[in-house]
Structures are given as structure tokens and as C-alpha cells.
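Below is one structure, written out as C-alpha cells, with a few remarks after it.
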Amino acid sequence: MPPKIRELIADLERAGFVDRGGRGSHRNYIHVRIRKPVTISGHSGDDAKPYQIKAVRLAILESPAMKDSARYVKIVEWSDEDQCYVGSAPGLVYGGCHGLDERAVFAELCEIVEEAIELCKKDGRPLPPRTSGRDFANKLQHVA
């Protein structure tokens, strides 16, 4: 099943593209390091067409802004049990970090994710499957 238009848009935005606007159902996404805009047509719930998927993938590959760490969901949430913020990156690292400052926890979590990726690369292990843009948070709510 092809991805939805909203998924292509989310991928572009994660890679640093910005919506420049457009007419009707057409949206133009630009990136500071790429000269040609990427045009996405259709409504957010429509299935993406093969040429749209290809254009988005090529544009993201051209943009050096997409880091490996952007491919993984980072969650920071308040824990009543621990009385602090807890950060996690499901699918990449087990455990996480915690603290009283939400932004500091997120910054530490980003460092942990970067370190985990570097360790995988250093050990010659493949990176785990990406989790961002896949709505794993809602899917995991039903797992017992």
C-alpha cells in the first residue's frame, strides 16, 4: 500500500523542507540547500503516486540536513510515578533518561540517540528500522 500524501509531507518537513505554499491542492516545499522545490499535489489522505514518492526520496537524499537520528522517535513525557520527565527512543535504545527540566531531558535524549547510532556504525551493525513517521506511539498503546 503506498504512503499517504501526509506521510510524504512529514518526511520532507523532518528533512528540513519548508512549505512555500501553492495553489489548490498543490504545495511547494523548499530547502535552503536545494535549488529546485518539491511540489506535492493531492489531499493529505490521498495515496501518494509513484512519481511523488520518487521525487520526495530524491530530494531528501540531496538534502544533507537529514541526520540518521531524525529517523527515530524521541518521546519526553511526565511520569507521575517518578515525579520527573522521562525520555525514551523506542526501537533504538532501551531505557532512556530522566530529569526535572523537559528541554534538558530532550537534549540528553538526542545525545543518547546519536551515541547509539555511532555505536551501531562503529560495530558494523545495521541501524534498526526507522520509527519516525510511522505512528508507533498510537500502535504501541494497544500492546499489552
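In the C-alpha cells, chains take the letters A, B, ... in the order shown, each chain's residues start at 1, and ligands count up from 1 in the order shown.
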TODO: Extract the full set of strand (DSSP E) residues from stretch 9-139 of chain A according to DSSP on the backbone, and format it as a ChimeraX atom specification.
DONE: /A:18-21,26-31,34-41,75-79,84-88,96-99
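The nearest approach to A:Val38 among the residues A:Gly99, A:Pro3, A:Gly87, A:Gly21, with only C-alpha atoms taken into account, belongs to A:Gly21.
The shell of residues at most 12 Å from A:Gly22, with only C-alpha atoms counted and near chain neighbours (fewer than 2 positions) removed, consists of Asp19, Arg20, Gly24, Ser25, His26, Arg27, Asn28, Tyr29, Ile30, Pro37, Val38, Thr39, Ile40, Ser41 and Gly42 of chain A.
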Once you have the residues from the selection above, write them out as an mmCIF file, in the first residue's frame, restricted to C-alpha atoms.
data_model
loop_
_atom_site.group_PDB
_atom_site.id
_atom_site.type_symbol
_atom_site.label_atom_id
_atom_site.label_comp_id
_atom_site.auth_asym_id
_atom_site.auth_seq_id
_atom_site.Cartn_x
_atom_site.Cartn_y
_atom_site.Cartn_z
ATOM 1 C CA ASP A 19 6.092 24.727 2.767
ATOM 2 C CA ARG A 20 6.292 27.736 0.461
ATOM 3 C CA GLY A 24 -5.332 24.479 -4.709
ATOM 4 C CA SER A 25 -4.088 21.115 -3.505
ATOM 5 C CA HIS A 26 -0.511 21.824 -4.685
ATOM 6 C CA ARG A 27 2.180 22.619 -2.124
ATOM 7 C CA ASN A 28 5.773 23.590 -2.873
ATOM 8 C CA TYR A 29 8.460 22.556 -0.412
ATOM 9 C CA ILE A 30 11.826 24.276 -0.473
ATOM 10 C CA PRO A 37 11.337 22.987 -4.989
ATOM 11 C CA VAL A 38 9.433 19.730 -4.498
ATOM 12 C CA THR A 39 5.776 20.021 -5.497
ATOM 13 C CA ILE A 40 3.266 17.768 -3.778
ATOM 14 C CA SER A 41 -0.286 17.660 -5.094
ATOM 15 C CA GLY A 42 -3.301 15.982 -3.587
#
- [ ] Pick out the closest residue to A:Glu77 from this set: A:Lys36, A:Arg103, A:Lys49, A:Lys121. Count only C-alpha atoms.
- [x] A:Arg103
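Interatomic distance, atom CA of A:Ala48 against atom CA of A:Leu8: 7.7 Å.
Minimum atom-to-atom distances from A:Glu108, A:Glu62, A:Glu13, A:Glu7 to A:Lys74 were compared using only C-alpha atoms, and the lowest value belongs to A:Glu108.
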- [ ] For A:Tyr94, please output as JSON, numbers by chain all residues within 12 Å (counting only C-alpha atoms; exclusion window: fewer than 5 positions along the same chain).
- [x] {"A": [87, 88, 89, 109, 112, 113, 116]}
Okay, now the selection with C-alpha atoms, as an mmCIF file, in the first residue's frame?
data_model
loop_
_atom_site.group_PDB
_atom_site.id
_atom_site.type_symbol
_atom_site.label_atom_id
_atom_site.label_comp_id
_atom_site.auth_asym_id
_atom_site.auth_seq_id
_atom_site.Cartn_x
_atom_site.Cartn_y
_atom_site.Cartn_z
ATOM 1 C CA GLY A 87 12.826 10.425 27.749
ATOM 2 C CA SER A 88 12.815 7.353 25.526
ATOM 3 C CA ALA A 89 13.539 6.349 21.927
ATOM 4 C CA LEU A 109 17.894 12.004 24.823
ATOM 5 C CA ILE A 112 21.862 9.228 23.658
ATOM 6 C CA VAL A 113 20.293 8.572 20.247
ATOM 7 C CA ALA A 116 23.588 4.691 19.936
#
So that I can see what lies close to A:Thr131, please list as a compact mmCIF listing (two decimals) with N, CA and C atoms, in the first residue's frame the residues with an atom at most 7 Å from it, counting only C-alpha atoms and leaving out residues fewer than 4 positions away in the same chain.
# COMPACT_ATOMS: atom_id res chain seq x y z
N ARG A 71 15.56 9.88 12.11
CA ARG A 71 14.77 8.73 11.69
C ARG A 71 14.13 8.00 12.88
N TYR A 72 14.40 8.47 14.09
CA TYR A 72 13.91 7.78 15.28
C TYR A 72 13.08 8.71 16.16
N VAL A 73 11.96 8.18 16.62
CA VAL A 73 11.06 8.93 17.50
C VAL A 73 11.74 9.14 18.84
N GLY A 91 12.49 1.43 19.98
CA GLY A 91 13.00 0.82 18.76
C GLY A 91 14.48 1.04 18.53
N PHE A 136 4.12 4.92 15.61
CA PHE A 136 4.30 3.82 16.54
C PHE A 136 3.68 4.11 17.91
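In terms of minimum interatomic distance to A:Pro50, A:Met1 ranks closest within A:Asp11, A:Lys67, A:Val76, A:Met1, counting only C-alpha atoms.
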- [ ] Could you tell me, as number ranges by chain, which residues of stretch 62-140 of chain A DSSP assigns to alpha helix (DSSP H) when given the backbone?
- [x] A: 62, 102-123, 136-140
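Minimum atom-to-atom distances from A:Leu92, A:Cys120, A:Ala55, A:Cys97 to A:Ile9 were compared using only C-alpha atoms, and the lowest value belongs to A:Ala55.
Atom CA of A:Glu118 to atom CA of A:Arg57 spans 23.6 Å [interatomic distance, one decimal].
Closest approach to A:Leu58 from the set A:Gly95, A:Leu119, A:Ser79, A:Ala15 is made by A:Ala15, with distances taken over only C-alpha atoms.
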